[in-house]
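One file, start_10.tsv, carrying TSV, C-alpha atoms:
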```
chain	number	residue	atom	x	y	z
S	1	MET	CA	0.00	0.00	0.00
S	2	GLY	CA	1.37	3.41	-0.91
S	3	ILE	CA	1.18	6.88	0.40
S	4	SER	CA	-1.63	9.21	1.14
S	5	LYS	CA	-4.69	10.12	-0.76
S	6	THR	CA	-7.94	11.22	0.75
S	7	THR	CA	-9.99	11.19	3.90
S	8	HIS	CA	-13.64	12.16	3.96
S	9	ASN	CA	-15.40	13.24	7.09
S	10	LEU	CA	-19.06	12.31	7.01
S	11	GLY	CA	-19.84	13.70	10.45
S	12	PHE	CA	-18.91	12.03	13.70
S	13	GLY	CA	-20.84	11.23	16.79
S	14	THR	CA	-19.35	11.61	20.22
S	15	GLY	CA	-18.70	9.07	22.89
S	16	GLU	CA	-16.34	7.44	25.27
S	17	SER	CA	-12.88	6.64	23.98
S	18	SER	CA	-10.43	4.07	25.18
S	19	LYS	CA	-7.34	5.40	23.41
S	20	SER	CA	-6.81	2.54	21.04
S	21	LEU	CA	-7.51	2.04	17.36
S	22	ARG	CA	-8.77	-1.20	15.84
S	23	PHE	CA	-7.94	-1.84	12.20
S	24	ILE	CA	-9.66	-4.71	10.38
S	25	ASP	CA	-8.44	-5.96	7.02
S	26	ASP	CA	-7.94	-9.46	5.66
S	27	ASN	CA	-4.86	-8.39	3.75
S	28	PRO	CA	-1.80	-8.94	5.98
S	29	LEU	CA	0.21	-6.45	3.95
S	30	VAL	CA	-2.26	-3.69	4.74
S	31	LEU	CA	-2.17	-4.54	8.44
S	32	GLU	CA	1.61	-4.53	8.43
S	33	THR	CA	1.65	-1.16	6.69
S	34	VAL	CA	-0.78	0.34	9.19
S	35	LYS	CA	1.32	-1.06	12.00
S	36	GLN	CA	4.38	0.68	10.61
S	37	LEU	CA	2.51	3.92	9.96
S	38	LEU	CA	1.25	4.14	13.52
S	39	GLU	CA	4.38	2.82	15.18
S	40	LYS	CA	5.15	6.08	16.95
S	41	SER	CA	1.62	7.39	17.27
S	42	PRO	CA	0.04	7.90	20.69
S	43	TYR	CA	-2.56	5.22	19.98
S	44	LYS	CA	-2.47	1.58	20.88
S	45	LEU	CA	-3.14	-0.33	17.70
S	46	GLU	CA	-5.24	-3.51	17.61
S	47	LEU	CA	-5.35	-5.52	14.38
S	48	ASN	CA	-7.81	-8.12	13.11
S	49	ASP	CA	-7.82	-10.07	9.87
S	50	ASP	CA	-11.26	-11.53	10.59
S	51	PRO	CA	-14.36	-9.38	11.18
S	52	PHE	CA	-15.96	-11.86	13.58
S	53	ASP	CA	-12.80	-11.97	15.68
S	54	ALA	CA	-12.99	-8.19	15.66
S	55	LEU	CA	-16.58	-8.26	16.93
S	56	CYS	CA	-15.57	-10.56	19.79
S	57	ASP	CA	-12.64	-8.30	20.64
S	58	LEU	CA	-14.86	-5.22	20.53
S	59	VAL	CA	-17.09	-6.68	23.22
S	60	LYS	CA	-14.08	-7.09	25.46
S	61	ASN	CA	-12.34	-3.83	24.63
S	62	LYS	CA	-14.00	-0.80	23.08
S	63	PRO	CA	-11.53	1.25	21.04
S	64	SER	CA	-11.41	4.97	20.26
S	65	ALA	CA	-12.14	4.26	16.62
S	66	VAL	CA	-12.54	1.32	14.26
S	67	PHE	CA	-11.25	1.11	10.70
S	68	ILE	CA	-12.60	-1.64	8.47
S	69	ASP	CA	-11.82	-2.48	4.89
S	70	VAL	CA	-14.88	-2.39	2.70
S	71	ARG	CA	-13.99	-5.68	1.05
S	72	MET	CA	-13.99	-8.40	3.67
S	73	SER	CA	-15.03	-11.87	2.63
S	74	LYS	CA	-17.13	-12.96	5.61
S	75	LEU	CA	-18.63	-9.61	6.54
S	76	ASN	CA	-17.92	-6.56	4.43
S	77	GLY	CA	-17.32	-3.05	5.73
S	78	TYR	CA	-20.90	-1.87	5.15
S	79	GLN	CA	-22.37	-4.91	6.90
S	80	PHE	CA	-19.94	-4.64	9.81
S	81	CYS	CA	-20.79	-0.97	10.16
S	82	ALA	CA	-24.55	-1.57	10.05
S	83	LEU	CA	-24.21	-4.24	12.71
S	84	LEU	CA	-22.19	-2.04	15.01
S	85	LYS	CA	-24.21	1.12	14.56
S	86	THR	CA	-27.53	-0.51	15.39
S	87	GLN	CA	-26.28	-1.58	18.81
S	88	ALA	CA	-26.54	1.04	21.53
S	89	SER	CA	-23.37	-0.17	23.23
S	90	TYR	CA	-21.22	0.37	20.15
S	91	ARG	CA	-22.84	3.06	18.03
S	92	TYR	CA	-20.83	5.84	19.65
S	93	ILE	CA	-17.53	4.32	18.50
S	94	PRO	CA	-16.34	6.21	15.41
S	95	LEU	CA	-16.22	3.82	12.47
S	96	ILE	CA	-14.23	4.52	9.34
S	97	ILE	CA	-14.75	2.44	6.21
S	98	VAL	CA	-11.59	2.01	4.17
S	99	LEU	CA	-12.26	2.13	0.44
S	100	GLU	CA	-10.30	1.24	-2.66
S	101	TYR	CA	-11.62	4.38	-4.34
S	102	ALA	CA	-14.11	7.11	-3.52
S	103	ASN	CA	-17.06	8.29	-5.54
S	104	THR	CA	-20.47	9.59	-4.61
S	105	LEU	CA	-22.05	6.15	-4.68
S	106	VAL	CA	-19.64	4.36	-2.37
S	107	GLN	CA	-19.52	7.30	0.03
S	108	ALA	CA	-23.31	7.35	0.14
S	109	LYS	CA	-23.35	3.61	0.79
S	110	ALA	CA	-20.88	4.08	3.63
S	111	LEU	CA	-22.92	6.90	5.11
S	112	ALA	CA	-26.15	4.94	4.76
S	113	ALA	CA	-24.57	2.01	6.58
S	114	GLY	CA	-23.71	4.37	9.44
S	115	ALA	CA	-20.03	5.06	8.80
S	116	ASP	CA	-18.62	8.20	10.39
S	117	ALA	CA	-16.01	8.67	7.70
S	118	VAL	CA	-14.28	6.98	4.82
S	119	LEU	CA	-10.57	6.66	4.21
S	120	VAL	CA	-9.35	5.97	0.71
S	121	LYS	CA	-6.41	3.77	-0.16
S	122	PRO	CA	-3.59	4.44	-0.56
S	123	PHE	CA	-3.27	6.50	2.59
S	124	GLY	CA	-0.41	7.69	4.73
S	125	LYS	CA	0.17	8.42	8.36
S	126	ASN	CA	-1.18	11.96	8.12
S	127	GLU	CA	-4.46	10.90	6.55
S	128	LEU	CA	-4.88	8.11	9.04
S	129	LEU	CA	-4.23	10.37	12.03
S	130	ASN	CA	-6.33	13.14	10.54
S	131	VAL	CA	-9.37	10.94	10.29
S	132	VAL	CA	-8.77	9.73	13.84
S	133	LYS	CA	-8.55	13.34	15.01
S	134	LEU	CA	-11.76	14.22	13.19
S	135	SER	CA	-13.45	11.32	14.91
S	136	GLY	CA	-12.84	12.93	18.29
S	137	ALA	CA	-10.90	9.89	19.44
S	138	GLN	CA	-8.51	10.64	22.27
S	139	ALA	CA	-4.86	9.77	22.19
S	140	ALA	CA	-3.21	7.83	25.00
L	1	MET	CA	-29.16	-3.99	-0.68
L	2	ASN	CA	-29.72	-3.92	3.05
L	3	PRO	CA	-26.39	-4.15	4.89
L	4	LEU	CA	-28.02	-4.82	8.25
L	5	TYR	CA	-30.09	-7.71	6.90
L	6	GLU	CA	-27.01	-9.09	5.13
L	7	ALA	CA	-24.96	-8.67	8.29
L	8	HIS	CA	-27.49	-10.59	10.38
L	9	SER	CA	-27.58	-13.29	7.76
L	10	ALA	CA	-23.77	-13.57	7.70
L	11	LEU	CA	-23.65	-13.52	11.49
L	12	GLY	CA	-26.33	-16.21	11.68
L	13	PHE	CA	-24.43	-18.39	9.25
L	14	TYR	CA	-21.18	-17.87	11.14
L	15	CYS	CA	-22.78	-18.66	14.51
L	16	SER	CA	-24.45	-21.71	13.02
L	17	ASN	CA	-21.01	-22.99	12.02
L	18	GLU	CA	-19.59	-22.17	15.43
L	19	MET	CA	-22.51	-24.02	17.01
L	20	ALA	CA	-21.74	-27.09	14.89
L	21	LEU	CA	-18.13	-26.92	16.05
L	22	LEU	CA	-19.29	-26.55	19.64
L	23	GLU	CA	-21.52	-29.57	19.27
L	24	GLN	CA	-18.62	-31.53	17.79
L	25	ALA	CA	-16.42	-30.53	20.71
L	26	LEU	CA	-19.10	-31.58	23.19
L	27	GLU	CA	-19.43	-34.92	21.47
L	28	GLY	CA	-15.67	-35.24	21.62
L	29	TYR	CA	-15.84	-34.53	25.32
L	30	CYS	CA	-18.53	-37.12	25.91
L	31	ASN	CA	-16.83	-39.80	23.83
L	32	ALA	CA	-13.34	-39.25	25.19
L	33	SER	CA	-12.14	-41.91	27.58
L	34	ARG	CA	-8.74	-40.45	28.36
L	35	LYS	CA	-8.42	-37.48	30.68
L	36	GLN	CA	-6.20	-35.55	28.28
L	37	ASP	CA	-8.74	-35.97	25.46
L	38	LYS	CA	-11.47	-34.64	27.71
L	39	GLU	CA	-9.31	-31.66	28.66
L	40	SER	CA	-8.56	-30.94	25.03
L	41	ALA	CA	-12.26	-31.12	24.15
L	42	ILE	CA	-13.13	-28.77	26.99
L	43	ILE	CA	-10.69	-26.20	25.65
L	44	ASP	CA	-12.58	-26.30	22.34
L	45	VAL	CA	-15.95	-26.12	24.11
L	46	LYS	CA	-14.79	-23.03	25.96
L	47	LYS	CA	-13.43	-21.48	22.79
L	48	TYR	CA	-16.60	-21.91	20.73
L	49	SER	CA	-19.04	-21.18	23.54
L	50	SER	CA	-17.18	-18.02	24.51
L	51	ARG	CA	-17.24	-16.76	20.94
L	52	LEU	CA	-20.97	-17.42	20.67
L	53	ALA	CA	-21.60	-15.65	23.96
L	54	LEU	CA	-19.57	-12.63	22.84
L	55	LEU	CA	-21.37	-12.42	19.51
L	56	GLN	CA	-24.81	-12.62	21.05
L	57	SER	CA	-24.90	-8.88	21.68
L	58	PHE	CA	-24.94	-8.28	17.92
L	59	PHE	CA	-28.22	-10.09	17.38
L	60	SER	CA	-31.43	-8.13	17.40
L	61	LEU	CA	-33.94	-9.11	20.00
L	62	ASP	CA	-36.78	-9.13	17.53
L	63	THR	CA	-35.55	-11.90	15.23
L	64	ASP	CA	-37.68	-14.96	14.65
L	65	LYS	CA	-37.80	-17.93	16.96
L	66	ALA	CA	-35.34	-20.58	15.94
L	67	ASN	CA	-35.77	-24.22	15.25
L	68	LEU	CA	-34.35	-25.57	18.46
L	69	GLY	CA	-33.80	-29.02	17.03
L	70	GLN	CA	-30.12	-29.24	17.85
L	71	LEU	CA	-30.38	-27.89	21.35
L	72	PRO	CA	-32.00	-30.84	23.16
L	73	LYS	CA	-29.17	-33.01	21.86
L	74	LEU	CA	-26.66	-30.69	23.40
L	75	CYS	CA	-28.56	-30.57	26.67
L	76	ILE	CA	-28.64	-34.35	26.81
L	77	LEU	CA	-24.91	-34.49	26.19
L	78	LEU	CA	-24.34	-31.95	28.91
L	79	GLY	CA	-26.58	-33.76	31.38
L	80	GLN	CA	-25.19	-37.23	30.69
L	81	GLU	CA	-21.65	-36.21	31.35
L	82	LYS	CA	-22.20	-34.27	34.55
L	83	TYR	CA	-21.11	-31.19	32.77
L	84	GLN	CA	-22.78	-29.14	35.45
L	85	GLU	CA	-19.66	-29.64	37.55
L	86	ASN	CA	-18.70	-26.30	36.15
L	87	ASN	CA	-21.47	-23.85	36.88
L	88	GLU	CA	-19.82	-21.05	34.98
L	89	GLN	CA	-19.86	-23.10	31.79
L	90	ILE	CA	-23.49	-24.04	32.32
L	91	LEU	CA	-24.41	-20.39	32.68
L	92	LEU	CA	-22.48	-19.58	29.55
L	93	LEU	CA	-24.14	-22.33	27.58
L	94	THR	CA	-27.55	-21.31	28.86
L	95	LYS	CA	-26.82	-17.86	27.53
L	96	ILE	CA	-25.86	-19.38	24.18
L	97	PHE	CA	-29.04	-21.43	24.01
L	98	ARG	CA	-31.01	-18.26	24.59
L	99	LEU	CA	-29.03	-16.63	21.82
L	100	LEU	CA	-29.71	-19.48	19.46
L	101	GLY	CA	-33.37	-19.12	20.24
L	102	GLN	CA	-33.14	-15.77	18.51
L	103	ILE	CA	-31.48	-16.98	15.31
L	104	PRO	CA	-34.00	-17.35	12.50
L	105	ALA	CA	-34.71	-20.98	11.56
L	106	SER	CA	-33.55	-20.24	8.03
L	107	GLU	CA	-30.03	-19.72	9.32
L	108	TRP	CA	-29.77	-23.27	10.63
L	109	ARG	CA	-28.04	-25.74	8.38
```
Can you turn what I pasted into structure tokens?
Amino acid sequence: MGISKTTHNLGFGTGESSKSLRFIDDNPLVLETVKQLLEKSPYKLELNDDPFDALCDLVKNKPSAVFIDVRMSKLNGYQFCALLKTQASYRYIPLIIVLEYANTLVQAKALAAGADAVLVKPFGKNELLNVVKLSGAQAA
Amino acid sequence: MNPLYEAHSALGFYCSNEMALLEQALEGYCNASRKQDKESAIIDVKKYSSRLALLQSFFSLDTDKANLGQLPKLCILLGQEKYQENNEQILLLTKIFRLLGQIPASEWR
């Protein structure tokens, strides 16, 4: 994955933060890249390559924000988002859908599913941290 | 396209698979004669039952009543093998059975 492109703020809610970020993507290269990008950031990074593992982990530990790739085989980003945002216990957690590209249609789909923002690949550290900042998530 | 409906469907399918694995682990527990096999089976039972319990919060409360066909079998297995030795596990499994009662019958395979 390369360097920065675009972040889109679709309007965040507010809520409790636990100073960690959870990034969900079934591509190990993406997870490794994110790990490197956020190596010296003030956030604790949690990674999942399986959306159902991520759901289980979310019950145990609520992060400051969740990033999920739109293309996940078992549960895609829109579905994951819809699931999370219809539950009172989790809807306050800022959720960012990570897209391969951005156009009006996919952004509308993300918004309709309840996403707080979208982040478009390829992205860099600044874009990642910017979208986290916009989410109102607190650093450690 | 309704992402929430699709999500519940995917979650139901996933939990159905986890339930099958849990049942398999319970059968393994009941059929095991050696202590180490029983211990190994219990680790699997804990793994699958914990996951199901964690995922239960993502089900809506207004979903259809499930076909409970598989559940009596599990209860019998539990009862036969004095599984109630561990009250915590029984509570967990009871929670799971309640969860499964909320999964639409169409999600059972």
Go through region 61-82 of chain S residue by residue and, counting only C-alpha atoms, keep those with an atom at most 9 Å from region 8-13 of chain L; for each kept residue give the shortest atom pair and its distance in Å to one decimal, ordered by chain and increasing number, as a tab-separated table.
```
residue	atom	partner	partner_atom	distance
S:Lys74	CA	L:Ala10	CA	7.0
S:Leu75	CA	L:Ala10	CA	6.6
S:Gln79	CA	L:His8	CA	8.4
```
Would you output that residue set with C-alpha atoms, as a PDB file, in the frame of the given file?
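Output file out.pdb follows:
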```pdb
ATOM      1  CA  LYS S  74     -17.130 -12.960   5.610  1.00  0.00           C
ATOM      2  CA  LEU S  75     -18.630  -9.610   6.540  1.00  0.00           C
ATOM      3  CA  GLN S  79     -22.370  -4.910   6.900  1.00  0.00           C
TER       4      GLN S  79
END
```
Return the neighbours of chain L among the residues of chain S, cut-off 9 Å, counting all atoms listed in the file, as JSON, numbers by chain. {"S": [52, 53, 55, 56, 57, 59, 60, 74, 75, 76, 78, 79, 80, 81, 82, 83, 84, 86, 87, 89, 113]}
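Note that the spacing between CA of Glu39 (chain S) and CA of Phe123 (chain S) amounts to 15.2 Å.
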If you measure from CA of Leu129 (chain S) to CA of Met72 (chain S), what distance in Å do you get, rounded to one decimal? 22.7 Å
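The closest residue to Asn126 (chain S), picked from S:Gln107, S:Asp50, S:Val34, S:Ile93 and counting only C-alpha atoms, is S:Val34.
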Interatomic distance, CA of Arg22 (chain S) to CA of Ala102 (chain S) (Å, one decimal): 21.7 Å
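The neighbours of Gly77 (chain S) here are the residues that come within 6 Å of it, using only C-alpha atoms and leaving out any residue fewer than 5 positions away in the same chain; they are Ile68, Asp69 and Val70 of chain S.
Residue neighbourhood of region 35-38 of chain S, excluding near-sequence residues (fewer than 3 positions): Leu21, Phe23, Leu29, Val30, Leu31, Glu32, Ser41, Pro42, Tyr43, Lys44, Leu45, Glu46, Leu47, Phe123, Gly124, Lys125, Asn126, Leu128 and Leu129 of chain S, at 10 Å, using only C-alpha atoms.
When all atoms listed in the file are used to measure the gap to Ile97 (chain S), the shortest distance among S:Lys109, S:Lys133, S:Lys62, S:Lys40 belongs to S:Lys109.
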Nearby residues (only C-alpha atoms) at most 6 Å from region 40-43 of chain L, same-chain spacing under 5 positions excluded, as a PyMOL selection string: chain L and resi 25+28-29
Reconstruct N, CA and C atoms of region 60-80 of chain S from the incomplete input and present them as a PDB file, in the coordinates of the input.
```pdb
ATOM      1  N   LYS S  60     -14.987  -7.084  24.317  1.00  0.00           N
ATOM      2  CA  LYS S  60     -14.080  -7.090  25.460  1.00  0.00           C
ATOM      3  C   LYS S  60     -13.373  -5.754  25.654  1.00  0.00           C
ATOM      4  N   ASN S  61     -13.115  -5.071  24.545  1.00  0.00           N
ATOM      5  CA  ASN S  61     -12.340  -3.830  24.630  1.00  0.00           C
ATOM      6  C   ASN S  61     -12.824  -2.837  23.568  1.00  0.00           C
ATOM      7  N   LYS S  62     -13.462  -1.790  24.017  1.00  0.00           N
ATOM      8  CA  LYS S  62     -14.000  -0.800  23.080  1.00  0.00           C
ATOM      9  C   LYS S  62     -12.918   0.222  22.727  1.00  0.00           C
ATOM     10  N   PRO S  63     -12.605   0.342  21.443  1.00  0.00           N
ATOM     11  CA  PRO S  63     -11.530   1.250  21.040  1.00  0.00           C
ATOM     12  C   PRO S  63     -12.026   2.686  20.833  1.00  0.00           C
ATOM     13  N   SER S  64     -11.081   3.574  20.559  1.00  0.00           N
ATOM     14  CA  SER S  64     -11.410   4.970  20.260  1.00  0.00           C
ATOM     15  C   SER S  64     -12.043   5.090  18.887  1.00  0.00           C
ATOM     16  N   ALA S  65     -11.593   4.250  17.982  1.00  0.00           N
ATOM     17  CA  ALA S  65     -12.140   4.260  16.620  1.00  0.00           C
ATOM     18  C   ALA S  65     -11.851   2.916  15.961  1.00  0.00           C
ATOM     19  N   VAL S  66     -12.710   2.574  14.992  1.00  0.00           N
ATOM     20  CA  VAL S  66     -12.540   1.320  14.260  1.00  0.00           C
ATOM     21  C   VAL S  66     -12.396   1.635  12.771  1.00  0.00           C
ATOM     22  N   PHE S  67     -11.411   1.025  12.151  1.00  0.00           N
ATOM     23  CA  PHE S  67     -11.250   1.110  10.700  1.00  0.00           C
ATOM     24  C   PHE S  67     -11.549  -0.276  10.139  1.00  0.00           C
ATOM     25  N   ILE S  68     -12.363  -0.329   9.104  1.00  0.00           N
ATOM     26  CA  ILE S  68     -12.600  -1.640   8.470  1.00  0.00           C
ATOM     27  C   ILE S  68     -12.564  -1.500   6.959  1.00  0.00           C
ATOM     28  N   ASP S  69     -11.882  -2.453   6.345  1.00  0.00           N
ATOM     29  CA  ASP S  69     -11.820  -2.480   4.890  1.00  0.00           C
ATOM     30  C   ASP S  69     -13.195  -2.817   4.335  1.00  0.00           C
ATOM     31  N   VAL S  70     -13.554  -2.160   3.265  1.00  0.00           N
ATOM     32  CA  VAL S  70     -14.880  -2.390   2.700  1.00  0.00           C
ATOM     33  C   VAL S  70     -15.021  -3.804   2.141  1.00  0.00           C
ATOM     34  N   ARG S  71     -13.920  -4.353   1.655  1.00  0.00           N
ATOM     35  CA  ARG S  71     -13.990  -5.680   1.050  1.00  0.00           C
ATOM     36  C   ARG S  71     -13.470  -6.744   2.001  1.00  0.00           C
ATOM     37  N   MET S  72     -14.362  -7.288   2.798  1.00  0.00           N
ATOM     38  CA  MET S  72     -13.990  -8.400   3.670  1.00  0.00           C
ATOM     39  C   MET S  72     -14.873  -9.568   3.254  1.00  0.00           C
ATOM     40  N   SER S  73     -14.283 -10.746   3.205  1.00  0.00           N
ATOM     41  CA  SER S  73     -15.030 -11.870   2.630  1.00  0.00           C
ATOM     42  C   SER S  73     -16.212 -12.341   3.478  1.00  0.00           C
ATOM     43  N   LYS S  74     -16.038 -12.411   4.792  1.00  0.00           N
ATOM     44  CA  LYS S  74     -17.130 -12.960   5.610  1.00  0.00           C
ATOM     45  C   LYS S  74     -18.188 -11.916   5.935  1.00  0.00           C
ATOM     46  N   LEU S  75     -17.744 -10.697   6.135  1.00  0.00           N
ATOM     47  CA  LEU S  75     -18.630  -9.610   6.540  1.00  0.00           C
ATOM     48  C   LEU S  75     -17.978  -8.334   6.008  1.00  0.00           C
ATOM     49  N   ASN S  76     -18.606  -7.714   5.000  1.00  0.00           N
ATOM     50  CA  ASN S  76     -17.920  -6.560   4.430  1.00  0.00           C
ATOM     51  C   ASN S  76     -18.050  -5.310   5.304  1.00  0.00           C
ATOM     52  N   GLY S  77     -17.370  -4.262   4.908  1.00  0.00           N
ATOM     53  CA  GLY S  77     -17.320  -3.050   5.730  1.00  0.00           C
ATOM     54  C   GLY S  77     -18.691  -2.440   5.982  1.00  0.00           C
ATOM     55  N   TYR S  78     -19.554  -2.437   4.988  1.00  0.00           N
ATOM     56  CA  TYR S  78     -20.900  -1.870   5.150  1.00  0.00           C
ATOM     57  C   TYR S  78     -21.709  -2.696   6.157  1.00  0.00           C
ATOM     58  N   GLN S  79     -21.613  -4.009   6.010  1.00  0.00           N
ATOM     59  CA  GLN S  79     -22.370  -4.910   6.900  1.00  0.00           C
ATOM     60  C   GLN S  79     -21.866  -4.793   8.341  1.00  0.00           C
ATOM     61  N   PHE S  80     -20.540  -4.775   8.478  1.00  0.00           N
ATOM     62  CA  PHE S  80     -19.940  -4.640   9.810  1.00  0.00           C
ATOM     63  C   PHE S  80     -20.410  -3.343  10.460  1.00  0.00           C
TER      64      PHE S  80
END
```
